[in-house]
file structure.pdb (PDB, C-alpha atoms, pLDDT in the B column)
ATOM      1  CA  MET M1271     -56.890  37.165  10.195  1.00 45.00           C
ATOM      2  CA  ILE M1272     -57.580  40.438   8.406  1.00 50.00           C
ATOM      3  CA  THR M1273     -55.105  43.188   9.156  1.00 53.00           C
ATOM      4  CA  LYS M1274     -56.257  46.459  10.668  1.00 49.00           C
ATOM      5  CA  ARG M1275     -55.150  48.301   7.551  1.00 59.00           C
ATOM      6  CA  LYS M1276     -57.827  48.444   4.932  1.00 59.00           C
ATOM      7  CA  ILE M1277     -56.466  47.338   1.599  1.00 60.00           C
ATOM      8  CA  ASP M1278     -57.739  49.462  -1.231  1.00 81.00           C
ATOM      9  CA  VAL M1279     -57.908  46.854  -3.985  1.00 84.00           C
ATOM     10  CA  LYS M1280     -58.528  49.417  -6.705  1.00 84.00           C
ATOM     11  CA  MET M1281     -55.414  51.389  -5.737  1.00 87.00           C
ATOM     12  CA  LEU M1282     -53.394  48.182  -5.488  1.00 89.00           C
ATOM     13  CA  VAL M1283     -54.419  47.275  -9.050  1.00 90.00           C
ATOM     14  CA  ILE M1284     -53.560  50.789 -10.274  1.00 91.00           C
ATOM     15  CA  VAL M1285     -50.142  50.616  -8.594  1.00 93.00           C
ATOM     16  CA  GLY M1286     -49.499  47.211 -10.167  1.00 94.00           C
ATOM     17  CA  LEU M1287     -50.525  48.424 -13.610  1.00 94.00           C
ATOM     18  CA  MET M1288     -48.427  51.584 -13.322  1.00 95.00           C
ATOM     19  CA  ALA M1289     -45.403  49.554 -12.176  1.00 96.00           C
ATOM     20  CA  ALA M1290     -45.871  47.237 -15.162  1.00 95.00           C
ATOM     21  CA  VAL M1291     -46.134  50.195 -17.562  1.00 94.00           C
ATOM     22  CA  ALA M1292     -43.003  51.783 -16.060  1.00 94.00           C
ATOM     23  CA  ALA M1293     -41.065  48.497 -16.240  1.00 92.00           C
ATOM     24  CA  THR M1294     -42.165  48.005 -19.845  1.00 92.00           C
ATOM     25  CA  LEU M1295     -41.103  51.536 -20.832  1.00 91.00           C
ATOM     26  CA  SER M1296     -37.762  51.019 -19.122  1.00 88.00           C
ATOM     27  CA  TRP M1297     -37.252  47.659 -20.874  1.00 86.00           C
ATOM     28  CA  LEU M1298     -38.252  49.063 -24.275  1.00 87.00           C
ATOM     29  CA  GLU M1299     -35.614  51.775 -23.921  1.00 84.00           C
ATOM     30  CA  ASN M1300     -32.975  49.061 -24.190  1.00 79.00           C
ATOM     31  CA  PHE M1301     -33.883  48.749 -27.872  1.00 84.00           C
ATOM     32  CA  VAL M1302     -33.393  52.445 -28.653  1.00 80.00           C
ATOM     33  CA  PRO M1303     -29.795  52.894 -29.875  1.00 78.00           C
ATOM     34  CA  ILE M1304     -29.296  56.233 -28.116  1.00 74.00           C
ATOM     35  CA  GLN M1305     -25.548  55.613 -27.657  1.00 72.00           C
ATOM     36  CA  ALA M1306     -25.214  55.564 -31.458  1.00 75.00           C
ATOM     37  CA  ILE M1307     -26.517  59.137 -31.525  1.00 75.00           C
ATOM     38  CA  VAL M1308     -25.108  60.439 -28.230  1.00 72.00           C
ATOM     39  CA  PRO M1309     -22.179  58.307 -27.043  1.00 75.00           C
ATOM     40  CA  ILE M1310     -22.670  58.835 -23.303  1.00 73.00           C
ATOM     41  CA  PRO M1311     -22.546  55.524 -21.386  1.00 73.00           C
ATOM     42  CA  GLY M1312     -25.504  55.111 -19.044  1.00 71.00           C
ATOM     43  CA  LEU M1313     -27.678  57.620 -20.889  1.00 75.00           C
ATOM     44  CA  LYS M1314     -31.342  56.696 -21.331  1.00 79.00           C
ATOM     45  CA  PHE M1315     -34.462  58.684 -22.121  1.00 82.00           C
ATOM     46  CA  GLY M1316     -35.953  57.843 -18.726  1.00 86.00           C
ATOM     47  CA  LEU M1317     -39.439  57.219 -20.080  1.00 89.00           C
ATOM     48  CA  ALA M1318     -40.367  55.260 -16.938  1.00 92.00           C
ATOM     49  CA  ASN M1319     -40.146  58.585 -15.099  1.00 93.00           C
ATOM     50  CA  ILE M1320     -43.323  59.658 -16.894  1.00 94.00           C
ATOM     51  CA  VAL M1321     -45.097  57.064 -14.769  1.00 95.00           C
ATOM     52  CA  THR M1322     -43.278  58.295 -11.661  1.00 96.00           C
ATOM     53  CA  ILE M1323     -44.365  61.891 -12.311  1.00 95.00           C
ATOM     54  CA  PHE M1324     -47.932  60.727 -12.955  1.00 94.00           C
ATOM     55  CA  ALA M1325     -47.911  58.806  -9.678  1.00 95.00           C
ATOM     56  CA  ILE M1326     -46.537  61.769  -7.720  1.00 95.00           C
ATOM     57  CA  PHE M1327     -49.297  64.045  -8.987  1.00 92.00           C
ATOM     58  CA  TYR M1328     -52.223  61.630  -9.006  1.00 91.00           C
ATOM     59  CA  LEU M1329     -51.527  58.689  -6.691  1.00 92.00           C
ATOM     60  CA  GLY M1330     -49.532  60.085  -3.770  1.00 92.00           C
ATOM     61  CA  THR M1331     -46.179  59.437  -2.154  1.00 94.00           C
ATOM     62  CA  ARG M1332     -46.762  55.897  -0.889  1.00 94.00           C
ATOM     63  CA  SER M1333     -48.052  54.634  -4.233  1.00 94.00           C
ATOM     64  CA  THR M1334     -45.244  56.415  -6.075  1.00 96.00           C
ATOM     65  CA  LEU M1335     -42.566  54.772  -3.970  1.00 97.00           C
ATOM     66  CA  MET M1336     -44.208  51.355  -4.392  1.00 96.00           C
ATOM     67  CA  ILE M1337     -44.288  51.823  -8.180  1.00 97.00           C
ATOM     68  CA  VAL M1338     -40.627  52.873  -8.269  1.00 97.00           C
ATOM     69  CA  VAL M1339     -39.464  49.902  -6.192  1.00 97.00           C
ATOM     70  CA  ILE M1340     -41.578  47.385  -8.114  1.00 96.00           C
ATOM     71  CA  ARG M1341     -40.410  48.803 -11.454  1.00 94.00           C
ATOM     72  CA  CYS M1342     -36.770  48.522 -10.459  1.00 94.00           C
ATOM     73  CA  LEU M1343     -37.220  44.997  -9.114  1.00 94.00           C
ATOM     74  CA  LEU M1344     -38.971  43.932 -12.323  1.00 92.00           C
ATOM     75  CA  GLY M1345     -36.190  45.480 -14.389  1.00 87.00           C
ATOM     76  CA  SER M1346     -33.623  43.578 -12.383  1.00 88.00           C
ATOM     77  CA  ILE M1347     -35.507  40.307 -12.778  1.00 88.00           C
ATOM     78  CA  LEU M1348     -36.004  40.838 -16.514  1.00 82.00           C
ATOM     79  CA  GLY M1349     -32.339  41.176 -17.208  1.00 77.00           C
ATOM     80  CA  GLY M1350     -30.535  43.636 -15.062  1.00 76.00           C
ATOM     81  CA  GLY M1351     -29.173  41.673 -12.134  1.00 84.00           C
ATOM     82  CA  PRO M1352     -28.193  42.944  -8.680  1.00 89.00           C
ATOM     83  CA  ILE M1353     -25.738  45.634  -9.806  1.00 90.00           C
ATOM     84  CA  ALA M1354     -28.265  47.041 -12.276  1.00 89.00           C
ATOM     85  CA  LEU M1355     -30.831  46.992  -9.451  1.00 93.00           C
ATOM     86  CA  ALA M1356     -28.500  49.052  -7.267  1.00 94.00           C
ATOM     87  CA  PHE M1357     -28.028  51.646 -10.036  1.00 92.00           C
ATOM     88  CA  SER M1358     -31.694  51.719 -11.012  1.00 92.00           C
ATOM     89  CA  LEU M1359     -33.198  51.725  -7.529  1.00 95.00           C
ATOM     90  CA  THR M1360     -30.837  54.352  -6.133  1.00 96.00           C
ATOM     91  CA  GLY M1361     -31.313  56.673  -9.100  1.00 94.00           C
ATOM     92  CA  ALA M1362     -35.078  56.147  -9.200  1.00 95.00           C
ATOM     93  CA  LEU M1363     -35.509  56.730  -5.457  1.00 97.00           C
ATOM     94  CA  PHE M1364     -33.315  59.868  -5.527  1.00 97.00           C
ATOM     95  CA  ALA M1365     -35.391  61.158  -8.453  1.00 96.00           C
ATOM     96  CA  ALA M1366     -38.743  60.280  -6.904  1.00 96.00           C
ATOM     97  CA  LEU M1367     -37.870  61.797  -3.536  1.00 96.00           C
ATOM     98  CA  ILE M1368     -36.707  65.141  -4.950  1.00 96.00           C
ATOM     99  CA  MET M1369     -39.769  65.321  -7.221  1.00 95.00           C
ATOM    100  CA  ILE M1370     -42.068  64.524  -4.269  1.00 96.00           C
ATOM    101  CA  ILE M1371     -40.425  67.305  -2.249  1.00 95.00           C
ATOM    102  CA  LEU M1372     -40.599  69.832  -5.098  1.00 94.00           C
ATOM    103  CA  LYS M1373     -44.222  68.971  -5.906  1.00 92.00           C
ATOM    104  CA  SER M1374     -45.190  70.802  -2.712  1.00 87.00           C
ATOM    105  CA  GLY M1375     -44.104  73.995  -4.471  1.00 79.00           C
ATOM    106  CA  TYR M1376     -45.807  73.126  -7.766  1.00 76.00           C
ATOM    107  CA  LYS M1377     -47.257  76.150  -9.586  1.00 74.00           C
ATOM    108  CA  LYS M1378     -46.067  78.488  -6.818  1.00 82.00           C
ATOM    109  CA  HIS M1379     -42.323  77.875  -7.212  1.00 83.00           C
ATOM    110  CA  PHE M1380     -41.805  75.019  -9.666  1.00 85.00           C
ATOM    111  CA  SER M1381     -43.256  73.980 -12.985  1.00 89.00           C
ATOM    112  CA  LEU M1382     -43.611  70.391 -14.090  1.00 91.00           C
ATOM    113  CA  TYR M1383     -40.519  71.023 -16.225  1.00 93.00           C
ATOM    114  CA  GLY M1384     -38.460  72.072 -13.207  1.00 93.00           C
ATOM    115  CA  ILE M1385     -39.661  69.114 -11.181  1.00 93.00           C
ATOM    116  CA  SER M1386     -38.817  66.715 -14.019  1.00 94.00           C
ATOM    117  CA  LEU M1387     -35.360  68.264 -14.528  1.00 94.00           C
ATOM    118  CA  ALA M1388     -34.613  67.953 -10.815  1.00 95.00           C
ATOM    119  CA  GLY M1389     -35.686  64.310 -10.948  1.00 95.00           C
ATOM    120  CA  ALA M1390     -33.447  63.587 -13.945  1.00 94.00           C
ATOM    121  CA  THR M1391     -30.527  65.314 -12.237  1.00 94.00           C
ATOM    122  CA  MET M1392     -30.967  63.387  -9.002  1.00 95.00           C
ATOM    123  CA  PHE M1393     -31.308  60.120 -10.933  1.00 94.00           C
ATOM    124  CA  ASN M1394     -27.837  60.803 -12.362  1.00 93.00           C
ATOM    125  CA  VAL M1395     -26.461  61.718  -8.929  1.00 95.00           C
ATOM    126  CA  GLY M1396     -27.779  58.455  -7.488  1.00 95.00           C
ATOM    127  CA  GLN M1397     -26.242  56.419 -10.296  1.00 93.00           C
ATOM    128  CA  VAL M1398     -22.840  58.068  -9.936  1.00 94.00           C
ATOM    129  CA  ILE M1399     -22.875  57.485  -6.165  1.00 96.00           C
ATOM    130  CA  VAL M1400     -23.501  53.770  -6.795  1.00 95.00           C
ATOM    131  CA  ALA M1401     -20.744  53.734  -9.434  1.00 94.00           C
ATOM    132  CA  ALA M1402     -18.300  55.320  -6.952  1.00 96.00           C
ATOM    133  CA  ILE M1403     -19.170  52.653  -4.376  1.00 95.00           C
ATOM    134  CA  VAL M1404     -18.958  49.766  -6.863  1.00 94.00           C
ATOM    135  CA  LEU M1405     -15.708  51.006  -8.421  1.00 94.00           C
ATOM    136  CA  GLN M1406     -14.366  52.230  -5.062  1.00 95.00           C
ATOM    137  CA  ASP M1407     -13.193  55.358  -6.809  1.00 93.00           C
ATOM    138  CA  THR M1408     -14.515  58.891  -6.362  1.00 93.00           C
ATOM    139  CA  ALA M1409     -12.962  59.994  -9.680  1.00 93.00           C
ATOM    140  CA  ILE M1410     -16.210  58.812 -11.297  1.00 92.00           C
ATOM    141  CA  PHE M1411     -17.839  62.003  -9.999  1.00 94.00           C
ATOM    142  CA  THR M1412     -16.018  63.877 -12.786  1.00 93.00           C
ATOM    143  CA  TYR M1413     -18.385  62.054 -15.166  1.00 89.00           C
ATOM    144  CA  LEU M1414     -21.434  63.588 -13.475  1.00 91.00           C
ATOM    145  CA  PRO M1415     -21.557  66.856 -15.508  1.00 91.00           C
ATOM    146  CA  ILE M1416     -21.459  64.865 -18.766  1.00 89.00           C
ATOM    147  CA  LEU M1417     -24.176  62.493 -17.592  1.00 89.00           C
ATOM    148  CA  MET M1418     -26.272  65.383 -16.285  1.00 89.00           C
ATOM    149  CA  THR M1419     -26.161  67.096 -19.679  1.00 89.00           C
ATOM    150  CA  GLY M1420     -27.919  64.084 -21.157  1.00 86.00           C
ATOM    151  CA  GLY M1421     -30.158  63.992 -18.093  1.00 87.00           C
ATOM    152  CA  VAL M1422     -31.364  67.531 -18.797  1.00 90.00           C
ATOM    153  CA  VAL M1423     -32.472  66.489 -22.275  1.00 89.00           C
ATOM    154  CA  ALA M1424     -34.153  63.372 -20.863  1.00 89.00           C
ATOM    155  CA  GLY M1425     -35.831  65.433 -18.130  1.00 91.00           C
ATOM    156  CA  LEU M1426     -37.208  67.887 -20.667  1.00 94.00           C
ATOM    157  CA  LEU M1427     -38.500  65.055 -22.863  1.00 91.00           C
ATOM    158  CA  THR M1428     -40.169  63.460 -19.852  1.00 92.00           C
ATOM    159  CA  ALA M1429     -41.739  66.784 -18.860  1.00 94.00           C
ATOM    160  CA  VAL M1430     -43.067  67.501 -22.351  1.00 95.00           C
ATOM    161  CA  ILE M1431     -44.672  64.055 -22.584  1.00 94.00           C
ATOM    162  CA  SER M1432     -46.047  64.377 -19.033  1.00 93.00           C
ATOM    163  CA  VAL M1433     -47.619  67.778 -19.736  1.00 93.00           C
ATOM    164  CA  ILE M1434     -49.331  66.400 -22.854  1.00 94.00           C
ATOM    165  CA  LEU M1435     -50.443  63.248 -21.004  1.00 91.00           C
ATOM    166  CA  PHE M1436     -51.797  65.178 -18.018  1.00 89.00           C
ATOM    167  CA  LYS M1437     -53.740  67.531 -20.275  1.00 90.00           C
ATOM    168  CA  LYS M1438     -55.293  64.648 -22.238  1.00 90.00           C
ATOM    169  CA  LEU M1439     -56.150  62.665 -19.109  1.00 86.00           C
ATOM    170  CA  ASN M1440     -57.636  65.655 -17.337  1.00 83.00           C
ATOM    171  CA  ASN M1441     -59.688  66.643 -20.395  1.00 84.00           C
ATOM    172  CA  SER M1442     -60.970  63.093 -20.857  1.00 84.00           C
ATOM    173  CA  GLY M1443     -62.237  62.882 -17.290  1.00 78.00           C
ATOM    174  CA  ALA M1444     -60.456  59.540 -16.816  1.00 71.00           C
ATOM    175  CA  ILE M1445     -58.639  60.736 -13.717  1.00 74.00           C
ATOM    176  CA  ARG M1446     -61.800  61.974 -12.008  1.00 71.00           C
ATOM    177  CA  ARG M1447     -63.650  58.738 -12.828  1.00 67.00           C
ATOM    178  CA  HIS M1448     -61.006  56.264 -11.774  1.00 65.00           C
ATOM    179  CA  ILE M1449     -58.568  57.841  -9.349  1.00 71.00           C
ATOM    180  CA  LYS M1450     -59.103  59.819  -6.198  1.00 61.00           C
ATOM    181  CA  THR M1451     -56.320  62.355  -6.759  1.00 54.00           C
ATOM    182  CA  SER M1452     -53.726  63.255  -4.168  1.00 50.00           C
ATOM    183  CA  SER M1453     -53.064  66.700  -5.606  1.00 45.00           C
TER
END
call {"tool": "encode", "arguments": {"input": "structure.pdb", "output": "structure tokens"}}
result
Amino acid sequence: MITKRKIDVKMLVIVGLMAAVAATLSWLENFVPIQAIVPIPGLKFGLANIVTIFAIFYLGTRSTLMIVVIRCLLGSILGGGPIALAFSLTGALFAALIMIILKSGYKKHFSLYGISLAGATMFNVGQVIVAAIVLQDTAIFTYLPILMTGGVVAGLLTAVISVILFKKLNNSGAIRRHIKTSS
């Protein structure tokens, strides 16, 4: 029996591809020795958030949340395990939700840089909350300012790449041809 909900196959394929790209970017980050340069445990560039920002602006809330969940599940399957899933999923959902909320004020109140920085910050908050639960110790919250310092750099990097990507995609016409935008 066919469900009452119409399945948009094209959007389903796009969501799957974007989740795969995000999972791949996240996995590839494991090979970048960032801790050798900046010795902050848990610090990553957050390149998968480029896909999240793209999804927020071009695919809508539902697709964004599906991409985030799929990406985190894939990351867990590919080598993270259940604890890594808890850290990743909580941080990614906190980041996605704040960026979705702030997108409503895009151009009027917030730039893409501000939205990305808020996402990076909330990702760190989510991770530290999970750490406090896992360790059963709230002293871990003292680590948050250190982690957020790295998160600011990661958020700016993500924003810069996103701005360049958006400009190139918009100029190429690829978005108009292939995606009915939500923005």
call {"tool": "residues_around", "arguments": {"input": "structure.pdb", "residues": "segment 1305-1315 of chain M", "least_positions_apart": "5", "cutoff": "12 Å", "atoms": "only C-alpha atoms", "output": "ChimeraX atom specification"}}
result
/M:1295-1300,1320,1354,1357-1358,1361,1390-1391,1393-1394,1397-1398,1401,1413-1429,1431
call {"tool": "closest_residue", "arguments": {"input": "structure.pdb", "among": "M:Gly1349, M:Cys1342, M:Leu1287, M:Ala1356", "to": "Ala1325 of chain M", "atoms": "only C-alpha atoms"}}
result
M:Leu1287
call {"tool": "atom_distance", "arguments": {"input": "structure.pdb", "atom1": "atom CA of Ile1403 of chain M", "atom2": "atom CA of Pro1352 of chain M"}}
result
13.9 Å
call {"tool": "atom_distance", "arguments": {"input": "structure.pdb", "atom1": "atom CA of Val1404 of chain M", "atom2": "atom CA of Asn1319 of chain M"}}
result
24.4 Å
call {"tool": "closest_residue", "arguments": {"input": "structure.pdb", "among": "M:Ile1445, M:Leu1435, M:Ile1347, M:Ile1326", "to": "Ile1385 of chain M", "atoms": "only C-alpha atoms"}}
result
M:Ile1326
call {"tool": "resolve_selection", "arguments": {"input": "structure.pdb", "expression": "the PyMOL selection byres ((chain M and resi 1327-1334) around 10)", "output": "NGL selection string"}}
result
:M and (1281-1282 or 1284-1286 or 1288-1289 or 1321-1326 or 1335-1340 or 1363 or 1366-1367 or 1369-1371 or 1373 or 1376 or 1382 or 1436 or 1445 or 1449-1453)
call {"tool": "atom_distance", "arguments": {"input": "structure.pdb", "atom1": "atom CA of Leu1344 of chain M", "atom2": "atom CA of Ala1365 of chain M"}}
result
18.0 Å
call {"tool": "closest_residue", "arguments": {"input": "structure.pdb", "among": "M:Ala1402, M:Ala1362, M:Val1283, M:Ile1353", "to": "Gly1316 of chain M", "atoms": "only C-alpha atoms"}}
result
M:Ala1362
call {"tool": "closest_residue", "arguments": {"input": "structure.pdb", "among": "M:Arg1341, M:Gly1375, M:Leu1317, M:Thr1360", "to": "Val1430 of chain M", "atoms": "only C-alpha atoms"}}
result
M:Leu1317
